[in-house]
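**Q** Pasting protein-v3.txt below, which is compact mmCIF, C-alpha atoms.
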```
# COMPACT_ATOMS: atom_id res chain seq x y z
CA MET A 1 -53.28 13.06 -63.67
CA GLY A 2 -49.93 13.98 -65.11
CA GLU A 3 -47.37 11.77 -66.83
CA ASP A 4 -48.18 8.28 -68.11
CA THR A 5 -46.01 6.58 -65.53
CA ASP A 6 -47.64 8.50 -62.69
CA THR A 7 -51.11 7.65 -63.91
CA ARG A 8 -50.29 3.98 -64.29
CA LYS A 9 -49.14 4.02 -60.68
CA ILE A 10 -52.48 5.59 -59.69
CA ASN A 11 -54.36 2.84 -61.50
CA HIS A 12 -52.34 0.07 -59.89
CA SER A 13 -52.52 1.59 -56.43
CA PHE A 14 -56.14 2.51 -56.16
CA LEU A 15 -58.30 0.53 -58.54
CA ARG A 16 -58.79 -2.83 -56.87
CA ASP A 17 -61.03 -3.83 -59.75
CA HIS A 18 -62.13 -7.46 -59.95
CA SER A 19 -64.86 -9.19 -61.87
CA TYR A 20 -66.52 -9.61 -58.49
CA VAL A 21 -66.61 -7.40 -55.42
CA THR A 22 -66.13 -8.97 -52.02
CA GLU A 23 -68.07 -7.25 -49.26
CA ALA A 24 -64.91 -6.72 -47.19
CA ASP A 25 -63.30 -4.62 -49.96
CA ILE A 26 -66.07 -2.02 -50.14
CA ILE A 27 -64.73 1.36 -48.99
CA SER A 28 -66.80 2.80 -46.14
CA THR A 29 -64.98 6.08 -45.34
CA VAL A 30 -62.41 8.48 -46.89
CA GLU A 31 -60.52 11.25 -45.05
CA PHE A 32 -57.62 13.61 -45.87
CA ASN A 33 -55.38 14.73 -43.01
CA HIS A 34 -55.04 18.43 -42.15
CA THR A 35 -52.24 19.07 -44.69
CA GLY A 36 -53.61 16.82 -47.42
CA GLU A 37 -50.32 14.91 -47.60
CA LEU A 38 -52.00 11.75 -46.27
CA LEU A 39 -55.30 10.16 -47.23
CA ALA A 40 -56.92 7.35 -45.24
CA THR A 41 -59.64 4.95 -46.32
CA GLY A 42 -61.51 2.41 -44.23
CA ASP A 43 -63.42 -0.58 -45.58
CA LYS A 44 -66.06 -3.08 -44.53
CA GLY A 45 -63.34 -5.63 -43.74
CA GLY A 46 -62.04 -3.46 -40.86
CA ARG A 47 -58.87 -2.42 -42.72
CA VAL A 48 -57.39 1.07 -42.93
CA VAL A 49 -55.26 1.97 -45.96
CA ILE A 50 -53.18 5.16 -45.79
CA PHE A 51 -51.91 6.83 -48.97
CA GLN A 52 -49.08 9.38 -48.99
CA ARG A 53 -48.46 12.07 -51.54
CA GLU A 54 -45.03 11.66 -53.07
CA PRO A 55 -42.76 14.74 -53.00
CA GLU A 56 -42.25 16.87 -56.12
CA SER A 57 -39.76 15.37 -58.56
CA LYS A 58 -36.51 17.34 -59.07
CA SER A 59 -36.79 17.00 -62.84
CA ALA A 60 -40.25 18.61 -62.83
CA PRO A 61 -40.43 20.76 -59.70
CA ARG A 62 -43.81 22.30 -60.61
CA SER A 63 -45.57 18.94 -60.89
CA GLN A 64 -47.00 17.66 -57.63
CA GLY A 65 -46.41 14.07 -56.62
CA GLU A 66 -49.09 11.39 -56.87
CA TYR A 67 -50.58 9.44 -53.97
CA ASP A 68 -49.18 5.99 -53.30
CA VAL A 69 -49.85 3.34 -50.66
CA TYR A 70 -48.07 4.29 -47.43
CA SER A 71 -49.40 1.77 -44.90
CA THR A 72 -52.15 -0.81 -44.47
CA PHE A 73 -53.32 -2.25 -41.18
CA GLN A 74 -56.22 -4.15 -39.63
CA SER A 75 -58.04 -1.70 -37.38
CA HIS A 76 -61.05 -3.72 -36.19
CA GLU A 77 -61.98 -7.40 -36.04
CA PRO A 78 -65.49 -8.89 -35.96
CA GLU A 79 -66.76 -9.35 -32.40
CA PHE A 80 -69.77 -10.87 -30.68
CA ASP A 81 -71.82 -9.29 -27.90
CA TYR A 82 -72.80 -12.29 -25.77
CA LEU A 83 -75.15 -10.29 -23.55
CA LYS A 84 -77.28 -9.15 -26.48
CA SER A 85 -76.49 -12.06 -28.84
CA LEU A 86 -75.41 -9.58 -31.50
CA GLU A 87 -72.57 -9.68 -34.00
CA ILE A 88 -70.47 -6.51 -34.09
CA GLU A 89 -69.23 -5.83 -37.61
CA GLU A 90 -65.61 -4.91 -38.25
CA LYS A 91 -66.67 -2.27 -40.82
CA ILE A 92 -64.92 1.11 -40.35
CA ASN A 93 -67.67 3.73 -40.02
CA LYS A 94 -65.47 6.81 -39.72
CA ILE A 95 -61.81 7.91 -39.66
CA LYS A 96 -60.67 11.26 -38.24
CA TRP A 97 -57.09 12.57 -38.25
CA LEU A 98 -55.73 14.38 -35.21
CA PRO A 99 -53.76 17.60 -35.79
CA GLN A 100 -50.08 16.67 -36.02
CA GLN A 101 -48.10 17.52 -32.86
CA ASN A 102 -44.73 15.93 -33.74
CA ALA A 103 -43.15 13.71 -36.38
CA ALA A 104 -45.78 11.00 -35.82
CA HIS A 105 -49.32 11.04 -37.22
CA SER A 106 -52.41 9.98 -35.26
CA LEU A 107 -55.91 9.01 -36.31
CA LEU A 108 -59.14 7.77 -34.74
CA SER A 109 -61.07 4.94 -36.36
CA THR A 110 -64.39 3.49 -35.26
CA ASN A 111 -66.72 0.63 -36.03
CA ASP A 112 -70.25 0.37 -34.57
CA LYS A 113 -69.06 0.14 -30.96
CA THR A 114 -65.34 0.72 -30.40
CA ILE A 115 -63.14 3.74 -31.19
CA LYS A 116 -59.38 3.27 -31.50
CA LEU A 117 -56.52 5.78 -31.53
CA TRP A 118 -53.64 4.79 -33.83
CA LYS A 119 -50.13 6.23 -34.03
CA ILE A 120 -48.26 6.13 -37.35
CA THR A 121 -44.48 6.53 -37.18
CA GLU A 122 -41.54 6.15 -39.57
CA ARG A 123 -38.21 4.44 -38.94
CA ASP A 124 -35.32 4.74 -41.40
CA LYS A 125 -32.37 4.15 -39.04
CA ARG A 126 -31.46 1.31 -36.72
CA PRO A 127 -28.93 1.24 -33.86
CA GLU A 128 -25.92 -1.06 -34.25
CA GLY A 129 -22.89 -1.86 -32.08
CA TYR A 130 -24.47 -2.71 -28.72
CA ASN A 131 -22.08 -3.75 -25.95
CA LEU A 132 -24.30 -6.40 -24.36
CA LYS A 133 -26.24 -7.68 -27.42
CA ASP A 134 -25.06 -9.40 -30.57
CA GLU A 135 -26.32 -8.57 -34.09
CA GLU A 136 -29.38 -10.78 -33.63
CA GLY A 137 -30.35 -9.03 -30.40
CA LYS A 138 -29.38 -11.88 -28.07
CA LEU A 139 -27.52 -11.12 -24.82
CA LYS A 140 -23.77 -11.74 -24.99
CA ASP A 141 -21.81 -13.70 -22.43
CA LEU A 142 -20.45 -10.91 -20.19
CA SER A 143 -17.08 -12.66 -19.92
CA THR A 144 -16.55 -12.09 -23.67
CA VAL A 145 -17.07 -8.31 -23.41
CA THR A 146 -13.55 -6.88 -23.19
CA SER A 147 -14.07 -3.35 -24.49
CA LEU A 148 -16.83 -0.77 -24.64
CA GLN A 149 -18.10 0.87 -27.82
CA VAL A 150 -20.61 3.62 -28.61
CA PRO A 151 -23.64 2.32 -30.55
CA VAL A 152 -24.27 4.10 -33.87
CA LEU A 153 -27.40 4.66 -36.00
CA LYS A 154 -27.18 3.10 -39.47
CA PRO A 155 -29.56 3.88 -42.37
CA MET A 156 -32.14 1.22 -43.25
CA ASP A 157 -35.13 0.85 -45.57
CA LEU A 158 -38.04 3.01 -44.48
CA MET A 159 -40.44 1.22 -42.16
CA VAL A 160 -43.90 2.60 -41.36
CA GLU A 161 -45.06 1.37 -37.98
CA VAL A 162 -48.70 1.60 -36.89
CA SER A 163 -49.44 1.00 -33.23
CA PRO A 164 -52.68 1.17 -31.20
CA ARG A 165 -52.35 3.83 -28.49
CA ARG A 166 -55.85 3.84 -26.96
CA VAL A 167 -59.06 1.81 -27.16
CA PHE A 168 -62.26 3.65 -26.25
CA ALA A 169 -64.85 0.92 -25.65
CA ASN A 170 -68.22 0.45 -23.93
CA GLY A 171 -69.34 4.03 -24.48
CA HIS A 172 -72.28 3.35 -26.78
CA THR A 173 -75.39 1.19 -26.60
CA TYR A 174 -76.33 1.96 -30.21
CA HIS A 175 -74.30 2.10 -33.41
CA ILE A 176 -71.72 4.91 -33.69
CA ASN A 177 -72.40 7.01 -36.80
CA SER A 178 -69.85 9.81 -36.41
CA ILE A 179 -66.79 11.01 -34.54
CA SER A 180 -65.36 14.53 -34.49
CA VAL A 181 -62.12 15.91 -33.02
CA ASN A 182 -62.44 19.17 -31.09
CA SER A 183 -60.40 22.25 -31.97
CA ASP A 184 -58.87 22.12 -28.45
CA CYS A 185 -56.95 19.01 -29.69
CA GLU A 186 -57.64 17.32 -26.35
CA THR A 187 -61.19 16.02 -26.69
CA TYR A 188 -63.42 14.44 -29.28
CA MET A 189 -67.05 13.36 -29.47
CA SER A 190 -68.77 10.25 -30.74
CA ALA A 191 -72.44 10.00 -31.69
CA ASP A 192 -74.81 7.07 -31.98
CA ASP A 193 -78.53 7.01 -32.82
CA LEU A 194 -79.65 8.47 -29.48
CA ARG A 195 -76.63 9.82 -27.59
CA ILE A 196 -73.47 11.89 -28.03
CA ASN A 197 -70.46 11.32 -25.76
CA LEU A 198 -67.48 13.59 -25.07
CA TRP A 199 -64.11 11.84 -24.60
CA HIS A 200 -60.67 13.00 -23.54
CA LEU A 201 -58.01 11.58 -25.86
CA ALA A 202 -55.93 10.43 -22.89
CA ILE A 203 -58.75 8.77 -20.90
CA THR A 204 -60.35 5.55 -22.13
CA ASP A 205 -62.41 4.32 -19.17
CA ARG A 206 -64.97 7.14 -19.01
CA SER A 207 -66.76 9.63 -21.21
CA PHE A 208 -69.30 12.39 -20.57
CA ASN A 209 -72.76 12.11 -22.08
CA ILE A 210 -73.53 15.54 -23.60
CA VAL A 211 -76.69 14.72 -25.60
CA ASP A 212 -79.33 12.11 -24.79
CA ILE A 213 -82.56 12.08 -26.83
CA LYS A 214 -83.67 8.61 -25.69
CA PRO A 215 -87.30 8.85 -24.48
CA ALA A 216 -88.41 7.11 -21.28
CA ASN A 217 -90.65 4.92 -23.43
CA MET A 218 -89.05 3.80 -26.70
CA GLU A 219 -92.51 3.78 -28.33
CA ASP A 220 -92.39 7.58 -28.12
CA LEU A 221 -89.22 7.71 -30.24
CA THR A 222 -89.78 10.00 -33.22
CA GLU A 223 -86.25 10.80 -34.46
CA VAL A 224 -82.64 9.67 -34.23
CA ILE A 225 -79.25 11.40 -34.46
CA THR A 226 -77.71 10.92 -37.91
CA ALA A 227 -74.43 12.91 -37.75
CA SER A 228 -72.53 15.38 -35.56
CA GLU A 229 -69.50 17.66 -35.80
CA PHE A 230 -67.55 20.13 -33.68
CA HIS A 231 -67.19 23.73 -34.83
CA PRO A 232 -63.74 24.19 -36.45
CA HIS A 233 -62.76 27.19 -34.26
CA HIS A 234 -64.99 27.35 -31.17
CA CYS A 235 -64.38 24.33 -28.94
CA ASN A 236 -67.65 24.83 -27.05
CA LEU A 237 -69.92 24.57 -30.12
CA PHE A 238 -71.10 21.49 -31.96
CA VAL A 239 -73.98 20.56 -34.25
CA TYR A 240 -75.96 17.38 -34.69
CA SER A 241 -78.48 16.44 -37.37
CA SER A 242 -81.59 14.32 -37.10
CA SER A 243 -83.67 11.96 -39.19
CA LYS A 244 -86.42 14.62 -39.24
CA GLY A 245 -84.23 16.99 -41.24
CA SER A 246 -83.37 19.40 -38.42
CA LEU A 247 -80.01 20.68 -37.17
CA ARG A 248 -79.36 21.56 -33.53
CA LEU A 249 -76.44 23.79 -32.59
CA CYS A 250 -75.37 23.23 -28.98
CA ASP A 251 -73.14 25.25 -26.64
CA MET A 252 -71.34 23.26 -23.95
CA ARG A 253 -70.89 26.43 -21.89
CA ALA A 254 -74.66 26.62 -21.29
CA ALA A 255 -75.07 23.27 -19.52
CA ALA A 256 -73.29 19.96 -18.98
CA LEU A 257 -76.11 18.10 -20.75
CA CYS A 258 -76.89 19.79 -24.08
CA ASP A 259 -80.41 18.42 -24.55
CA LYS A 260 -81.60 22.02 -24.86
CA HIS A 261 -80.08 23.36 -28.06
CA SER A 262 -78.92 26.94 -28.58
CA LYS A 263 -80.26 27.10 -32.14
CA LEU A 264 -82.61 24.93 -34.19
CA PHE A 265 -82.19 25.00 -37.97
CA GLU A 266 -85.25 23.63 -39.73
CA GLU A 267 -86.88 24.33 -43.07
CA PRO A 268 -90.70 24.34 -43.20
CA GLU A 269 -92.04 21.61 -45.46
CA ASP A 270 -93.57 22.55 -48.79
CA PRO A 271 -97.16 21.20 -48.62
CA SER A 272 -97.21 20.67 -52.40
CA ASN A 273 -94.33 18.16 -52.13
CA ARG A 274 -95.87 16.21 -49.24
CA SER A 275 -95.86 12.44 -49.81
CA PHE A 276 -95.44 9.10 -48.05
CA PHE A 277 -91.66 9.44 -48.53
CA SER A 278 -91.32 13.05 -47.26
CA GLU A 279 -89.89 12.18 -43.86
CA ILE A 280 -87.46 9.57 -45.25
CA ILE A 281 -85.98 11.86 -47.90
CA SER A 282 -85.73 14.81 -45.49
CA SER A 283 -83.47 12.84 -43.11
CA VAL A 284 -80.03 14.51 -42.98
CA SER A 285 -77.30 11.99 -43.82
CA ASP A 286 -74.29 14.30 -43.30
CA VAL A 287 -73.44 17.70 -41.83
CA LYS A 288 -70.16 19.62 -42.28
CA PHE A 289 -69.07 23.01 -40.98
CA SER A 290 -67.36 25.23 -43.54
CA HIS A 291 -63.64 25.87 -42.98
CA SER A 292 -64.50 29.46 -42.00
CA GLY A 293 -67.00 28.20 -39.41
CA ARG A 294 -69.71 30.56 -40.71
CA TYR A 295 -71.77 28.00 -42.65
CA MET A 296 -73.02 24.42 -42.40
CA LEU A 297 -73.47 22.03 -45.31
CA THR A 298 -76.10 19.28 -45.07
CA ARG A 299 -77.09 16.45 -47.37
CA ASP A 300 -80.48 14.78 -47.51
CA TYR A 301 -81.63 12.26 -50.10
CA LEU A 302 -82.35 14.68 -52.97
CA THR A 303 -80.56 17.93 -52.05
CA VAL A 304 -77.55 19.62 -50.47
CA LYS A 305 -78.21 22.76 -48.43
CA VAL A 306 -76.00 25.54 -47.09
CA TRP A 307 -77.06 27.09 -43.78
CA ASP A 308 -75.83 30.35 -42.25
CA LEU A 309 -75.20 30.01 -38.50
CA ASN A 310 -76.94 33.36 -38.08
CA MET A 311 -80.17 32.31 -39.85
CA GLU A 312 -82.22 29.43 -38.48
CA ALA A 313 -85.45 29.77 -40.47
CA ARG A 314 -84.26 28.33 -43.78
CA PRO A 315 -81.07 27.48 -45.71
CA ILE A 316 -79.45 30.26 -47.70
CA GLU A 317 -78.75 27.90 -50.62
CA THR A 318 -80.40 24.67 -51.82
CA TYR A 319 -78.96 22.57 -54.65
CA GLN A 320 -80.81 19.72 -56.36
CA VAL A 321 -78.54 16.65 -56.55
CA HIS A 322 -80.82 14.32 -58.51
CA GLU A 323 -84.33 15.79 -58.65
CA TYR A 324 -85.10 13.37 -61.50
CA LEU A 325 -85.36 10.60 -58.88
CA ARG A 326 -88.43 12.15 -57.22
CA SER A 327 -90.69 10.20 -59.56
CA LYS A 328 -88.76 6.98 -58.77
CA LEU A 329 -89.07 7.10 -54.96
CA CYS A 330 -91.47 4.16 -54.82
CA SER A 331 -89.05 1.74 -56.52
CA LEU A 332 -86.11 3.24 -54.55
CA TYR A 333 -88.04 2.51 -51.35
CA GLU A 334 -88.64 -1.10 -52.43
CA ASN A 335 -84.93 -1.73 -53.15
CA ASP A 336 -83.85 0.16 -49.97
CA CYS A 337 -81.79 2.72 -51.92
CA ILE A 338 -83.90 5.51 -50.40
CA PHE A 339 -82.06 4.82 -47.11
CA ASP A 340 -78.58 5.34 -48.63
CA LYS A 341 -76.50 7.84 -46.65
CA PHE A 342 -74.61 10.21 -48.96
CA GLU A 343 -71.83 12.42 -47.58
CA CYS A 344 -70.93 15.95 -48.66
CA ALA A 345 -67.72 18.01 -48.73
CA TRP A 346 -66.49 21.62 -48.98
CA ASN A 347 -63.47 22.68 -51.00
CA GLY A 348 -60.70 24.49 -49.12
CA SER A 349 -62.09 27.99 -49.77
CA ASP A 350 -65.76 27.03 -49.11
CA SER A 351 -66.68 28.18 -52.64
CA VAL A 352 -67.52 24.76 -54.13
CA ILE A 353 -69.40 21.81 -52.63
CA MET A 354 -69.36 18.18 -53.68
CA THR A 355 -71.57 15.17 -53.05
CA GLY A 356 -72.21 11.76 -54.57
CA ALA A 357 -75.06 10.20 -56.55
CA TYR A 358 -75.89 6.95 -58.37
CA ASN A 359 -74.34 5.36 -61.46
CA ASN A 360 -70.90 6.35 -60.06
CA PHE A 361 -71.83 9.99 -60.69
CA PHE A 362 -70.83 12.80 -58.36
CA ARG A 363 -72.01 16.40 -58.35
CA MET A 364 -70.22 19.73 -57.85
CA PHE A 365 -71.87 23.08 -57.20
CA ASP A 366 -70.05 26.42 -57.50
CA ARG A 367 -71.58 28.77 -54.92
CA ASN A 368 -70.33 31.93 -56.68
CA THR A 369 -71.29 31.26 -60.29
CA LYS A 370 -74.24 28.95 -59.39
CA ARG A 371 -72.97 26.52 -62.04
CA ASP A 372 -73.13 22.79 -61.37
CA VAL A 373 -71.67 19.75 -63.05
CA THR A 374 -72.19 15.99 -63.00
CA LEU A 375 -69.01 13.89 -63.34
CA GLU A 376 -68.41 10.15 -63.42
CA ALA A 377 -65.84 8.10 -61.51
CA SER A 378 -65.14 5.25 -63.93
CA ARG A 379 -62.20 3.29 -65.28
CA GLU A 380 -62.33 5.30 -68.51
CA SER A 381 -61.89 8.57 -66.64
CA SER A 382 -58.82 7.26 -64.81
CA LYS A 383 -56.84 6.61 -67.99
CA PRO A 384 -53.68 8.68 -68.66
CA ARG A 385 -54.44 12.39 -69.14
CA ALA A 386 -58.17 11.65 -69.34
CA VAL A 387 -60.28 14.74 -68.77
CA LEU A 388 -63.56 14.20 -66.95
CA LYS A 389 -66.47 14.92 -69.29
CA PRO A 390 -69.65 16.38 -67.83
CA ARG A 391 -72.52 13.89 -67.84
CA ARG A 392 -76.22 14.60 -68.18
CA VAL A 393 -79.20 12.54 -67.07
CA CYS A 394 -82.15 12.71 -69.43
CA VAL A 395 -85.66 12.38 -68.00
CA GLY A 396 -87.61 12.39 -71.26
CA GLY A 397 -87.94 14.13 -74.59
CA LYS A 398 -84.91 14.78 -76.79
CA ARG A 399 -81.66 13.10 -75.83
CA ARG A 400 -78.17 14.22 -76.72
CA ARG A 401 -75.67 11.63 -77.84
CA ASP A 402 -73.88 11.27 -74.48
CA ASP A 403 -76.98 11.62 -72.29
CA ILE A 404 -78.01 8.75 -70.08
CA SER A 405 -81.64 7.94 -69.44
CA VAL A 406 -82.88 8.02 -65.85
CA ASP A 407 -84.18 4.48 -66.42
CA SER A 408 -80.66 3.29 -67.32
CA LEU A 409 -79.01 4.44 -64.06
CA ASP A 410 -77.26 1.68 -62.10
CA PHE A 411 -78.36 2.05 -58.47
CA THR A 412 -75.83 -0.53 -57.27
CA LYS A 413 -73.02 1.87 -58.24
CA LYS A 414 -73.21 4.70 -55.74
CA ILE A 415 -70.78 7.38 -54.56
CA LEU A 416 -71.47 7.64 -50.83
CA HIS A 417 -68.04 8.73 -49.55
CA THR A 418 -66.04 11.71 -50.85
CA ALA A 419 -63.26 13.94 -49.53
CA TRP A 420 -61.65 17.20 -50.69
CA HIS A 421 -58.00 18.15 -50.16
CA PRO A 422 -57.92 20.97 -47.55
CA ALA A 423 -55.88 23.37 -49.71
CA GLU A 424 -55.89 22.18 -53.33
CA ASN A 425 -58.32 21.05 -55.99
CA ILE A 426 -57.75 17.35 -55.39
CA ILE A 427 -60.70 15.09 -54.61
CA ALA A 428 -60.96 11.49 -53.45
CA ILE A 429 -64.00 9.48 -54.52
CA ALA A 430 -64.88 6.03 -53.14
CA ALA A 431 -66.83 3.97 -55.67
CA THR A 432 -67.64 0.56 -54.16
CA ASN A 433 -64.19 -1.09 -53.87
CA ASN A 434 -62.30 1.50 -55.96
CA LEU A 435 -60.69 4.76 -54.84
CA TYR A 436 -60.42 7.47 -57.48
CA ILE A 437 -58.28 10.57 -57.05
CA PHE A 438 -58.84 13.46 -59.45
CA GLN A 439 -56.92 16.72 -59.74
CA ASP A 440 -57.85 19.95 -61.46
CA LYS A 441 -54.60 20.71 -63.32
CA VAL A 442 -55.79 24.12 -64.51
CA ASN A 443 -56.89 25.46 -61.13
CA SER A 444 -54.81 23.36 -58.77
CA GLU A 445 -54.78 26.10 -56.12
CA MET A 446 -57.96 27.26 -54.39
CA HIS A 447 -59.39 30.61 -55.43
```
Since I need it in another form, could you write the structure as structure tokens?
**A**
Amino acid sequence: MGEDTDTRKINHSFLRDHSYVTEADIISTVEFNHTGELLATGDKGGRVVIFQREPESKSAPRSQGEYDVYSTFQSHEPEFDYLKSLEIEEKINKIKWLPQQNAAHSLLSTNDKTIKLWKITERDKRPEGYNLKDEEGKLKDLSTVTSLQVPVLKPMDLMVEVSPRRVFANGHTYHINSISVNSDCETYMSADDLRINLWHLAITDRSFNIVDIKPANMEDLTEVITASEFHPHHCNLFVYSSSKGSLRLCDMRAAALCDKHSKLFEEPEDPSNRSFFSEIISSVSDVKFSHSGRYMLTRDYLTVKVWDLNMEARPIETYQVHEYLRSKLCSLYENDCIFDKFECAWNGSDSVIMTGAYNNFFRMFDRNTKRDVTLEASRESSKPRAVLKPRRVCVGGKRRRDDISVDSLDFTKKILHTAWHPAENIIAIAATNNLYIFQDKVNSEMH
């Protein structure tokens, strides 16, 4: 992480470690902005915390600055739907940054029902010397004003102001699971279990329904939408994944309602692996387009897969995340862990992919060398100059000294949310109520 002082700052800033974990402190989403200079996290308490990367120090110009807390604000509050007698949680499901258009930054945050657009601005000067106001801002008696002066801007301590610009409500009957900003920078989409809506960033009172898979009779329901994302370069294309393990690529030029997909990506099931849990573990929990727009990355319970947009029949790459859990599916079903929704991430050059696992482990797969590694996000690994040691899970037979038995894994410690800096080898890992940021000092630039 760099110098001792920098690493101590990292520990103080990010590791909200207590002997107990309050539900509200659990991090529920992590997202870098388009430059990687800002990193936002949302938690189950409805709060958004933004971290900013400090500039390079003049004494060591080659060393990049560390991330420090930039702003914290309450995005959502708990609500109650009186018509349906349902509580609406304040938990932040997703955060998406908008491409920066001026000095201000903007982001979208959503809970189960309501999406909000926030503007983040800085103020480091204040006007002084008004003619009609005194120093406290009160209006002067006009009879006392005998001369006119030009107000001047005086330096002041930096203030970060966060203000709500738009509230997009009443667009979803079911729980919102994903939002995605379009490459046209004017529209975005939001998806719930059965529908996907298209919004204009300037219009809050209406949205266009572009996908609706709700059957006329809910008893005929066989699958739900689990995630969706716009193509990074073509504003007419988007993909959505389903609980049956399929991906549907849709083209908004073909029809206003995209119920008929342009392409269906689905892998035939291996009959030898068929079991009671097959459909549950094949459900896609996350889908991400590569930065190039050529590939899609998906995560299901046991694997991550890379799909080529030009090949629908099967993925071009499949990586086993924790195959050793296949024999444990029965107990994972009983403790509900089998329904955990793990996210996945590309690095900036689309050559390495990352996803989380249990026991605070996370996995990385190099697509070029086909090498993979298991790393751990723990307090030991966040100590000054600590290098992450590869971890290995042992299923049976001979064990090495540092191996951990599959029976010793802690399933309450899970890495569901991860993010990768868009241009450098910096990753953000959310582990319950702690945020870890790791940097590859050897290969800090993408290659």
**Q** Could you give me, as a ChimeraX atom specification, the residues within 9 Å of stretch 150-158 of chain A, counting only C-alpha atoms and dropping anything in the same chain fewer than 2 positions from it?
**A** /A:122-131,148,160
**Q** List the neighbours of A:Asn310 out to 10 Å using all atoms listed in the file; skip same-chain residues closer than 3 positions along the sequence, and give me the result as an MDAnalysis selection string.
**A** chainID A and resid 263 265 294:295 307 313
**Q** Would you please work out which residue, of A:Cys337, A:Ile353, A:Ile196, A:Val304, is nearest to A:Asp410 when using all atoms listed in the file?
**A** A:Cys337
**Q** In terms of the shortest atom-to-atom distance over only C-alpha atoms, which of A:Tyr358, A:Tyr174, A:Phe73, A:Phe438 is closest to A:Asp212?
**A**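 Ranked by minimum distance to A:Asp212, first place goes to A:Tyr174.
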**Q** Hey, could you pull the box centre and edge lengths for stretch 148-160 of chain A, axis-aligned, 5 Å padding per side, all listed atoms, to one decimal in Å, as AutoDock Vina command-line options?
**A**
```
--center_x -30.4 --center_y 1.9 --center_z -35.1 --size_x 37.1 --size_y 15.4 --size_z 30.9
```
**Q** Can you find the residues with an atom no farther than 9 Å from (-76.2, 2.6, -29.8), counting only C-alpha atoms, and report them as a VMD selection string?
**A** chain A and resid 112 to 113 171 to 176 191 to 195
**Q** Please, what distance in Å, to one decimal, runs between atom CA of A:Gly42 and atom CA of A:Asp372?
**A**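 Interatomic distance, atom CA of A:Gly42 to atom CA of A:Asp372: 29.1 Å.
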**Q** Determine, counting all atoms listed in the file, which protein, DNA and RNA residues have an atom within 9 Å of an atom of A:Val49; residues of the same chain fewer than 3 positions away are not included. Present the result as a list in words.
**A**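 Selected residues are Leu39, Ala40, Thr41, Gly42, Asp43, Val69, Tyr70, Ser71, Thr72, Phe73 and Gln74 of chain A.
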**Q** Given only C-alpha atoms as the basis, pick out the residue of A:Met159, A:Val393, A:Cys344, A:Val387 nearest to A:Thr418.
**A** A:Cys344
**Q** Counting all atoms listed in the file, which residue out of A:Leu38, A:Met189, A:Ile115, A:Leu198 sits closest to A:His76?
**A**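 That would be A:Ile115, the residue with the smallest distance to A:His76.
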**Q** Contacts of A:Thr298 at 8 Å or less, counting all atoms listed in the file, minus same-chain residues fewer than 5 places along, as a compact mmCIF listing (two decimals) with C-alpha atoms, keeping the file's coordinate frame?
**A**
```txt
# COMPACT_ATOMS: atom_id res chain seq x y z
CA VAL A 284 -80.03 14.51 -42.98
CA SER A 285 -77.30 11.99 -43.82
CA ASP A 286 -74.29 14.30 -43.30
CA VAL A 287 -73.44 17.70 -41.83
CA LYS A 288 -70.16 19.62 -42.28
CA VAL A 304 -77.55 19.62 -50.47
CA LYS A 305 -78.21 22.76 -48.43
CA VAL A 306 -76.00 25.54 -47.09
CA TRP A 307 -77.06 27.09 -43.78
CA CYS A 344 -70.93 15.95 -48.66
```
**Q** Would you mind telling me which residue in A:Asp440, A:Asp350, A:Asp220, A:Glu266 lies nearest to A:Pro422 when using only C-alpha atoms?
**A**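 Result for the nearest residue to A:Pro422: A:Asp350.
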**Q** Between atom CA of A:Ile92 and atom CA of A:Glu77, what is the distance in Å, rounded to a tenth?
**A**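 That distance, rounded to one decimal, is 10.0 Å.
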**Q** Work out how far atom CA of A:Ser228 is from atom CA of A:Arg47, in Å to one decimal.
**A** 23.6 Å
**Q** Please identify all polymer residues within 12 Å of A:Arg326, counting only C-alpha atoms, omitting same-chain residues fewer than 3 positions from it, and present them as an NGL selection string.
**A** :A and (273-278 or 281 or 301-303 or 320-323 or 329-333 or 338 or 395 or 406)
**Q** From the set A:Cys185, A:Ala345, A:Leu375, A:Met252, which residue has the shortest atom-to-atom contact distance to A:His417, counting all atoms listed in the file?
**A** A:Ala345
